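Reproduced below: query-v7.cif, with mmCIF, N, CA and C atoms.
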```cif
data_model
#
loop_
_atom_site.label_atom_id
_atom_site.label_comp_id
_atom_site.auth_asym_id
_atom_site.auth_seq_id
_atom_site.Cartn_x
_atom_site.Cartn_y
_atom_site.Cartn_z
N GLN A 1 17.43 -5.36 9.36
CA GLN A 1 17.00 -5.55 7.98
C GLN A 1 15.48 -5.37 7.90
N VAL A 2 15.05 -4.56 6.95
CA VAL A 2 13.62 -4.29 6.81
C VAL A 2 12.93 -5.46 6.11
N GLN A 3 11.83 -5.87 6.65
CA GLN A 3 11.01 -6.89 6.01
C GLN A 3 9.56 -6.45 6.03
N LEU A 4 8.90 -6.60 4.90
CA LEU A 4 7.48 -6.26 4.77
C LEU A 4 6.73 -7.51 4.35
N VAL A 5 5.67 -7.81 5.07
CA VAL A 5 4.90 -9.01 4.77
C VAL A 5 3.44 -8.64 4.61
N GLU A 6 2.92 -8.89 3.41
CA GLU A 6 1.51 -8.59 3.13
C GLU A 6 0.63 -9.80 3.42
N SER A 7 -0.61 -9.52 3.74
CA SER A 7 -1.60 -10.58 3.91
C SER A 7 -2.98 -9.99 3.64
N GLY A 8 -3.96 -10.89 3.49
CA GLY A 8 -5.34 -10.44 3.36
C GLY A 8 -5.91 -10.50 1.96
N GLY A 9 -5.10 -10.85 0.99
CA GLY A 9 -5.63 -10.94 -0.36
C GLY A 9 -6.59 -12.12 -0.49
N GLY A 10 -7.28 -12.18 -1.61
CA GLY A 10 -8.21 -13.27 -1.85
C GLY A 10 -9.09 -12.98 -3.04
N SER A 11 -10.15 -13.77 -3.15
CA SER A 11 -11.09 -13.63 -4.26
C SER A 11 -12.44 -13.19 -3.72
N VAL A 12 -13.00 -12.18 -4.33
CA VAL A 12 -14.31 -11.67 -3.93
C VAL A 12 -15.11 -11.33 -5.16
N GLN A 13 -16.40 -11.19 -4.98
CA GLN A 13 -17.26 -10.73 -6.07
C GLN A 13 -17.28 -9.21 -6.10
N ALA A 14 -17.59 -8.68 -7.26
CA ALA A 14 -17.70 -7.24 -7.40
C ALA A 14 -18.66 -6.68 -6.35
N GLY A 15 -18.26 -5.56 -5.77
CA GLY A 15 -19.05 -4.96 -4.71
C GLY A 15 -18.61 -5.38 -3.32
N GLY A 16 -17.77 -6.40 -3.25
CA GLY A 16 -17.31 -6.90 -1.96
C GLY A 16 -16.16 -6.09 -1.40
N SER A 17 -15.66 -6.55 -0.27
CA SER A 17 -14.60 -5.84 0.46
C SER A 17 -13.49 -6.80 0.85
N LEU A 18 -12.30 -6.25 0.97
CA LEU A 18 -11.15 -6.96 1.51
C LEU A 18 -10.31 -5.98 2.30
N ARG A 19 -9.58 -6.49 3.28
CA ARG A 19 -8.63 -5.65 4.00
C ARG A 19 -7.26 -6.29 3.92
N LEU A 20 -6.35 -5.55 3.34
CA LEU A 20 -4.97 -5.99 3.24
C LEU A 20 -4.17 -5.45 4.42
N SER A 21 -3.19 -6.24 4.85
CA SER A 21 -2.30 -5.83 5.93
C SER A 21 -0.86 -5.92 5.45
N CYS A 22 -0.05 -5.00 5.94
CA CYS A 22 1.38 -5.05 5.66
C CYS A 22 2.11 -4.84 6.98
N ALA A 23 2.76 -5.89 7.44
CA ALA A 23 3.49 -5.83 8.69
C ALA A 23 4.97 -5.57 8.43
N ALA A 24 5.49 -4.55 9.08
CA ALA A 24 6.90 -4.18 8.93
C ALA A 24 7.70 -4.70 10.11
N SER A 25 8.89 -5.17 9.83
CA SER A 25 9.78 -5.61 10.90
C SER A 25 11.20 -5.15 10.59
N GLY A 26 12.03 -5.18 11.62
CA GLY A 26 13.41 -4.76 11.46
C GLY A 26 13.67 -3.39 12.07
N TYR A 27 12.69 -2.51 11.96
CA TYR A 27 12.77 -1.17 12.54
C TYR A 27 11.39 -0.79 13.05
N THR A 28 11.36 0.04 14.05
CA THR A 28 10.08 0.52 14.55
C THR A 28 9.48 1.46 13.51
N TYR A 29 8.33 1.07 12.99
CA TYR A 29 7.74 1.77 11.86
C TYR A 29 7.55 3.25 12.13
N SER A 30 6.92 3.59 13.22
CA SER A 30 6.55 4.98 13.47
C SER A 30 7.75 5.88 13.75
N VAL A 31 8.86 5.27 14.17
CA VAL A 31 10.03 6.07 14.55
C VAL A 31 10.94 6.31 13.35
N TYR A 32 11.14 5.27 12.54
CA TYR A 32 12.15 5.35 11.50
C TYR A 32 11.61 5.54 10.08
N PHE A 33 10.42 5.04 9.83
CA PHE A 33 9.93 5.07 8.45
C PHE A 33 9.30 6.41 8.11
N MET A 34 9.41 6.78 6.88
CA MET A 34 8.71 7.95 6.35
C MET A 34 7.24 7.62 6.16
N GLY A 35 6.96 6.43 5.70
CA GLY A 35 5.59 6.03 5.42
C GLY A 35 5.57 4.79 4.57
N MET A 36 4.39 4.46 4.10
CA MET A 36 4.21 3.24 3.35
C MET A 36 3.20 3.47 2.24
N CYS A 37 3.33 2.70 1.19
CA CYS A 37 2.42 2.83 0.06
C CYS A 37 1.99 1.45 -0.41
N TRP A 38 0.75 1.35 -0.85
CA TRP A 38 0.27 0.15 -1.52
C TRP A 38 0.30 0.39 -3.02
N PHE A 39 0.93 -0.54 -3.72
CA PHE A 39 0.95 -0.52 -5.17
C PHE A 39 0.19 -1.75 -5.67
N ARG A 40 -0.18 -1.71 -6.93
CA ARG A 40 -0.77 -2.89 -7.54
C ARG A 40 -0.31 -3.02 -8.97
N GLN A 41 -0.29 -4.26 -9.41
CA GLN A 41 0.12 -4.52 -10.79
C GLN A 41 -0.75 -5.63 -11.36
N ALA A 42 -1.48 -5.28 -12.40
CA ALA A 42 -2.30 -6.26 -13.12
C ALA A 42 -1.49 -6.83 -14.27
N PRO A 43 -1.81 -8.02 -14.73
CA PRO A 43 -1.07 -8.62 -15.85
C PRO A 43 -1.05 -7.71 -17.07
N GLY A 44 0.14 -7.48 -17.59
CA GLY A 44 0.29 -6.66 -18.77
C GLY A 44 0.23 -5.17 -18.53
N LYS A 45 0.13 -4.77 -17.28
CA LYS A 45 0.04 -3.35 -16.96
C LYS A 45 1.19 -2.93 -16.07
N GLU A 46 1.44 -1.63 -16.03
CA GLU A 46 2.49 -1.11 -15.17
C GLU A 46 2.02 -1.09 -13.71
N ARG A 47 2.99 -1.16 -12.83
CA ARG A 47 2.67 -1.05 -11.42
C ARG A 47 2.25 0.38 -11.11
N GLU A 48 1.19 0.52 -10.33
CA GLU A 48 0.69 1.85 -10.00
C GLU A 48 0.51 2.01 -8.50
N GLY A 49 0.77 3.20 -8.03
CA GLY A 49 0.53 3.51 -6.63
C GLY A 49 -0.96 3.68 -6.38
N VAL A 50 -1.45 3.08 -5.33
CA VAL A 50 -2.88 3.08 -5.03
C VAL A 50 -3.19 4.00 -3.85
N ALA A 51 -2.48 3.80 -2.77
CA ALA A 51 -2.73 4.59 -1.56
C ALA A 51 -1.46 4.62 -0.74
N ALA A 52 -1.20 5.78 -0.15
CA ALA A 52 0.01 5.94 0.66
C ALA A 52 -0.32 6.68 1.94
N ILE A 53 0.48 6.41 2.95
CA ILE A 53 0.30 7.10 4.21
C ILE A 53 1.67 7.40 4.80
N LYS A 54 1.82 8.61 5.31
CA LYS A 54 3.03 8.96 6.03
C LYS A 54 2.84 8.64 7.50
N THR A 55 3.93 8.51 8.22
CA THR A 55 3.81 8.23 9.65
C THR A 55 3.16 9.37 10.41
N ASP A 56 3.09 10.56 9.79
CA ASP A 56 2.38 11.67 10.45
C ASP A 56 0.88 11.61 10.19
N GLY A 57 0.45 10.60 9.41
CA GLY A 57 -0.96 10.39 9.17
C GLY A 57 -1.50 10.94 7.86
N SER A 58 -0.71 11.73 7.17
CA SER A 58 -1.19 12.27 5.90
C SER A 58 -1.27 11.15 4.86
N THR A 59 -2.23 11.27 3.97
CA THR A 59 -2.50 10.21 3.00
C THR A 59 -2.59 10.76 1.59
N ASN A 60 -2.49 9.86 0.64
CA ASN A 60 -2.66 10.20 -0.76
C ASN A 60 -3.25 8.99 -1.47
N TYR A 61 -4.18 9.23 -2.38
CA TYR A 61 -4.86 8.14 -3.07
C TYR A 61 -4.84 8.36 -4.57
N ALA A 62 -4.78 7.28 -5.30
CA ALA A 62 -5.00 7.36 -6.74
C ALA A 62 -6.47 7.69 -7.00
N ASP A 63 -6.72 8.41 -8.07
CA ASP A 63 -8.09 8.81 -8.37
C ASP A 63 -9.01 7.60 -8.53
N SER A 64 -8.47 6.51 -9.03
CA SER A 64 -9.28 5.33 -9.32
C SER A 64 -9.83 4.65 -8.07
N VAL A 65 -9.28 4.97 -6.90
CA VAL A 65 -9.73 4.30 -5.68
C VAL A 65 -10.28 5.25 -4.64
N LYS A 66 -10.25 6.54 -4.92
CA LYS A 66 -10.76 7.52 -3.95
C LYS A 66 -12.22 7.24 -3.64
N GLY A 67 -12.52 7.27 -2.36
CA GLY A 67 -13.88 7.01 -1.93
C GLY A 67 -14.20 5.54 -1.72
N ARG A 68 -13.33 4.66 -2.20
CA ARG A 68 -13.56 3.22 -2.04
C ARG A 68 -12.51 2.56 -1.15
N PHE A 69 -11.27 3.02 -1.22
CA PHE A 69 -10.18 2.45 -0.45
C PHE A 69 -9.80 3.41 0.67
N ALA A 70 -9.33 2.85 1.77
CA ALA A 70 -8.85 3.66 2.88
C ALA A 70 -7.59 3.03 3.46
N ILE A 71 -6.55 3.83 3.59
CA ILE A 71 -5.30 3.36 4.16
C ILE A 71 -5.18 3.86 5.59
N SER A 72 -4.67 3.01 6.46
CA SER A 72 -4.52 3.38 7.86
C SER A 72 -3.30 2.68 8.43
N GLN A 73 -2.89 3.10 9.60
CA GLN A 73 -1.71 2.50 10.21
C GLN A 73 -1.94 2.30 11.69
N ASP A 74 -1.34 1.23 12.19
CA ASP A 74 -1.36 0.92 13.61
C ASP A 74 0.11 0.89 14.04
N ASN A 75 0.57 2.00 14.62
CA ASN A 75 1.99 2.10 14.96
C ASN A 75 2.40 1.05 15.99
N ALA A 76 1.51 0.72 16.90
CA ALA A 76 1.84 -0.25 17.93
C ALA A 76 2.11 -1.63 17.33
N LYS A 77 1.48 -1.91 16.20
CA LYS A 77 1.64 -3.20 15.55
C LYS A 77 2.59 -3.14 14.36
N ASN A 78 3.17 -1.96 14.10
CA ASN A 78 4.05 -1.81 12.93
C ASN A 78 3.36 -2.27 11.66
N THR A 79 2.10 -1.94 11.53
CA THR A 79 1.29 -2.48 10.43
C THR A 79 0.50 -1.37 9.75
N VAL A 80 0.42 -1.47 8.44
CA VAL A 80 -0.41 -0.57 7.64
C VAL A 80 -1.48 -1.41 6.96
N TYR A 81 -2.69 -0.87 6.90
CA TYR A 81 -3.83 -1.58 6.34
C TYR A 81 -4.35 -0.86 5.10
N LEU A 82 -4.95 -1.63 4.23
CA LEU A 82 -5.68 -1.07 3.10
C LEU A 82 -7.06 -1.70 3.09
N GLN A 83 -8.05 -0.92 3.49
CA GLN A 83 -9.43 -1.36 3.44
C GLN A 83 -9.98 -1.06 2.05
N MET A 84 -10.42 -2.10 1.37
CA MET A 84 -10.91 -1.95 0.00
C MET A 84 -12.38 -2.30 -0.04
N ASN A 85 -13.21 -1.34 -0.35
CA ASN A 85 -14.65 -1.53 -0.44
C ASN A 85 -15.12 -1.31 -1.88
N SER A 86 -16.33 -1.76 -2.15
CA SER A 86 -16.92 -1.59 -3.48
C SER A 86 -15.95 -2.03 -4.57
N LEU A 87 -15.39 -3.18 -4.38
CA LEU A 87 -14.37 -3.66 -5.31
C LEU A 87 -14.95 -3.91 -6.69
N LYS A 88 -14.11 -3.65 -7.69
CA LYS A 88 -14.50 -3.81 -9.09
C LYS A 88 -13.55 -4.82 -9.75
N PRO A 89 -13.99 -5.45 -10.83
CA PRO A 89 -13.09 -6.38 -11.52
C PRO A 89 -11.77 -5.73 -11.93
N GLU A 90 -11.79 -4.46 -12.22
CA GLU A 90 -10.54 -3.78 -12.60
C GLU A 90 -9.59 -3.56 -11.43
N ASP A 91 -10.01 -3.87 -10.22
CA ASP A 91 -9.12 -3.83 -9.07
C ASP A 91 -8.28 -5.10 -8.97
N THR A 92 -8.59 -6.08 -9.80
CA THR A 92 -7.83 -7.33 -9.78
C THR A 92 -6.37 -7.08 -10.11
N ALA A 93 -5.50 -7.51 -9.22
CA ALA A 93 -4.06 -7.28 -9.39
C ALA A 93 -3.31 -7.93 -8.24
N MET A 94 -1.99 -7.97 -8.39
CA MET A 94 -1.13 -8.29 -7.27
C MET A 94 -0.88 -6.98 -6.53
N TYR A 95 -1.11 -7.00 -5.24
CA TYR A 95 -0.93 -5.81 -4.42
C TYR A 95 0.35 -5.94 -3.60
N TYR A 96 1.15 -4.89 -3.64
CA TYR A 96 2.42 -4.85 -2.92
C TYR A 96 2.43 -3.67 -1.96
N CYS A 97 3.05 -3.88 -0.80
CA CYS A 97 3.31 -2.74 0.06
C CYS A 97 4.79 -2.38 -0.06
N ALA A 98 5.05 -1.11 0.11
CA ALA A 98 6.42 -0.59 0.00
C ALA A 98 6.63 0.46 1.07
N ALA A 99 7.86 0.58 1.55
CA ALA A 99 8.17 1.53 2.61
C ALA A 99 9.57 2.10 2.39
N ASP A 100 9.81 3.21 3.07
CA ASP A 100 11.16 3.80 3.00
C ASP A 100 11.37 4.72 4.18
N PHE A 101 12.62 5.06 4.41
CA PHE A 101 12.98 5.98 5.48
C PHE A 101 13.05 7.43 5.00
N ARG A 102 13.26 7.61 3.70
CA ARG A 102 13.50 8.95 3.18
C ARG A 102 12.22 9.76 3.17
N ARG A 103 12.36 11.02 3.53
CA ARG A 103 11.22 11.93 3.50
C ARG A 103 10.99 12.40 2.07
N VAL A 104 9.77 12.30 1.60
CA VAL A 104 9.45 12.79 0.26
C VAL A 104 8.21 13.66 0.37
N PRO A 105 8.04 14.60 -0.56
CA PRO A 105 6.83 15.42 -0.55
C PRO A 105 5.61 14.58 -0.88
N ARG A 106 4.47 15.08 -0.50
CA ARG A 106 3.21 14.33 -0.65
C ARG A 106 2.97 13.93 -2.09
N TRP A 107 3.37 14.76 -3.04
CA TRP A 107 3.07 14.46 -4.44
C TRP A 107 3.90 13.30 -4.98
N LEU A 108 4.92 12.87 -4.22
CA LEU A 108 5.73 11.73 -4.63
C LEU A 108 5.35 10.45 -3.89
N LEU A 109 4.38 10.50 -3.03
CA LEU A 109 4.04 9.35 -2.20
C LEU A 109 3.60 8.13 -3.01
N LEU A 110 3.02 8.34 -4.18
CA LEU A 110 2.53 7.22 -4.99
C LEU A 110 3.53 6.78 -6.06
N HIS A 111 4.74 7.30 -5.97
CA HIS A 111 5.74 6.96 -6.99
C HIS A 111 6.64 5.83 -6.51
N GLN A 112 6.88 4.87 -7.39
CA GLN A 112 7.71 3.72 -7.02
C GLN A 112 9.10 4.14 -6.57
N ALA A 113 9.66 5.16 -7.18
CA ALA A 113 11.03 5.57 -6.88
C ALA A 113 11.19 6.09 -5.46
N SER A 114 10.08 6.34 -4.77
CA SER A 114 10.15 6.84 -3.39
C SER A 114 10.39 5.73 -2.39
N TYR A 115 10.41 4.46 -2.86
CA TYR A 115 10.44 3.33 -1.93
C TYR A 115 11.53 2.34 -2.31
N ASN A 116 12.29 1.94 -1.32
CA ASN A 116 13.34 0.95 -1.53
C ASN A 116 13.01 -0.42 -0.96
N TYR A 117 11.99 -0.50 -0.14
CA TYR A 117 11.69 -1.75 0.53
C TYR A 117 10.30 -2.22 0.10
N TRP A 118 10.23 -3.47 -0.34
CA TRP A 118 9.01 -4.00 -0.91
C TRP A 118 8.67 -5.36 -0.33
N GLY A 119 7.38 -5.61 -0.22
CA GLY A 119 6.92 -6.94 0.16
C GLY A 119 6.81 -7.83 -1.06
N GLN A 120 6.39 -9.07 -0.82
CA GLN A 120 6.30 -10.07 -1.89
C GLN A 120 4.99 -9.99 -2.66
N GLY A 121 4.01 -9.36 -2.10
CA GLY A 121 2.74 -9.19 -2.79
C GLY A 121 1.67 -10.15 -2.32
N THR A 122 0.43 -9.74 -2.50
CA THR A 122 -0.72 -10.58 -2.20
C THR A 122 -1.74 -10.37 -3.32
N GLN A 123 -2.31 -11.46 -3.80
CA GLN A 123 -3.20 -11.40 -4.96
C GLN A 123 -4.62 -11.03 -4.54
N VAL A 124 -5.19 -10.11 -5.29
CA VAL A 124 -6.60 -9.74 -5.14
C VAL A 124 -7.29 -10.00 -6.46
N THR A 125 -8.35 -10.80 -6.41
CA THR A 125 -9.12 -11.13 -7.61
C THR A 125 -10.58 -10.77 -7.38
N VAL A 126 -11.12 -9.95 -8.25
CA VAL A 126 -12.51 -9.53 -8.14
C VAL A 126 -13.26 -10.02 -9.36
N SER A 127 -14.28 -10.81 -9.12
CA SER A 127 -15.06 -11.38 -10.23
C SER A 127 -16.35 -10.61 -10.41
N SER A 128 -16.81 -10.57 -11.64
CA SER A 128 -18.04 -9.82 -11.94
C SER A 128 -19.28 -10.68 -11.76
#
```
Now, as a test, write the supplied structure out as structure tokens.
Amino acid sequence: QVQLVESGGGSVQAGGSLRLSCAASGYTYSVYFMGMCWFRQAPGKEREGVAAIKTDGSTNYADSVKGRFAISQDNAKNTVYLQMNSLKPEDTAMYYCAADFRRVPRWLLLHQASYNYWGQGTQVTVSS
């Protein structure tokens, strides 16, 4: 059974940094998974894909975070990270990691429908 557990959220001031982690269990991430994506959802807004990475290392980012966020993976630890720098108040949201086994093209990596397995979320709050 696939389980995803996020950690690393918290409260920071604008301009600060946080690193989120998503640990996968149940299957060896690098062998079975297609990849993982970080989504976020702010109150009253739709959930949006922020950054995604395939197990082959290819990545995709939302325009709103390019140059500030970086997604990476540690296959030995079955963990994907999201390094968030230069945080802005508009980055405030619940952040979720999602994963799946199915292969999808790069242009679908940030789409919710590409993922069947989701974590519980971790809150990120950025104050001005």
Query raised in the report: Expanded to explicit residues, what is the PyMOL selection byres ((chain A and resi 7) around 7) for this file, as number ranges by chain?
Result: A: 5-6, 8-9, 19-23, 121-122
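With all atoms listed in the file as the basis for measurement, A:Ser72 is the residue among A:Ser72, A:Ser30, A:Asn116, A:Gln123 that approaches Ile53 of chain A most closely.
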Report task. From the DSSP assignment of the backbone, select every residue of segment 68-120 of chain A that is strand (DSSP E or B), and format the answer as a ChimeraX atom specification. Result -> /A:69-74,79-84,93-100,117-118
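Put simply, atom CA of Phe69 of chain A is 26.6 Å away from atom CA of Tyr27 of chain A.
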**Report entry** Ser25 of chain A environment, 8 Å, all atoms listed in the file, sequence neighbours closer than 3 positions dropped, as number ranges by chain
**Finding:** A: 1-5, 22, 28-29, 78-79
Query raised in the report: Near segment 110-113 of chain A, within 8 Å and counting all atoms listed in the file, which residues show up once chain neighbours fewer than 6 positions away are dropped, as JSON, numbers by chain?
Result: {"A": [37, 38, 39, 47, 48, 49, 50, 51, 52, 53, 60, 61, 62]}
Report task. List the residues selected by the PyMOL selection byres (((chain A and resi 92 and name CA) around 10) and name CA) in the file shown, writing them as number ranges by chain. Result -> A: 10-12, 40-43, 87-91, 93-95, 123-127
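Residue nearest Leu109 of chain A, chosen from A:Met36, A:Ala24, A:Met84, A:Leu18 and counting only C-alpha atoms: A:Met36.
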**Report entry** Distance query Gln73 of chain A at most 8 Å, only N, CA and C atoms, self and fewer than 3 positions along chain excluded, as a PyMOL selection string
**Finding:** chain A and resi 53+55+57+70+76-82
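Distance annotation: of A:Arg102, A:Tyr115, A:Ile71, A:Gln83, the residue with the minimal separation from Tyr32 of chain A is A:Arg102; atom set is only N, CA and C atoms.
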Query - Computed interatomic separation between atom CA of Ser114 of chain A and atom CA of Asp74 of chain A (Å) - result: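 Going from atom CA of Ser114 of chain A over to atom CA of Asp74 of chain A, I get 21.4 Å.
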Query raised in the report: What does the distance between atom N of Trp118 of chain A and atom CA of Asp100 of chain A come to in Å, to one decimal place?
Result: 8.1 Å
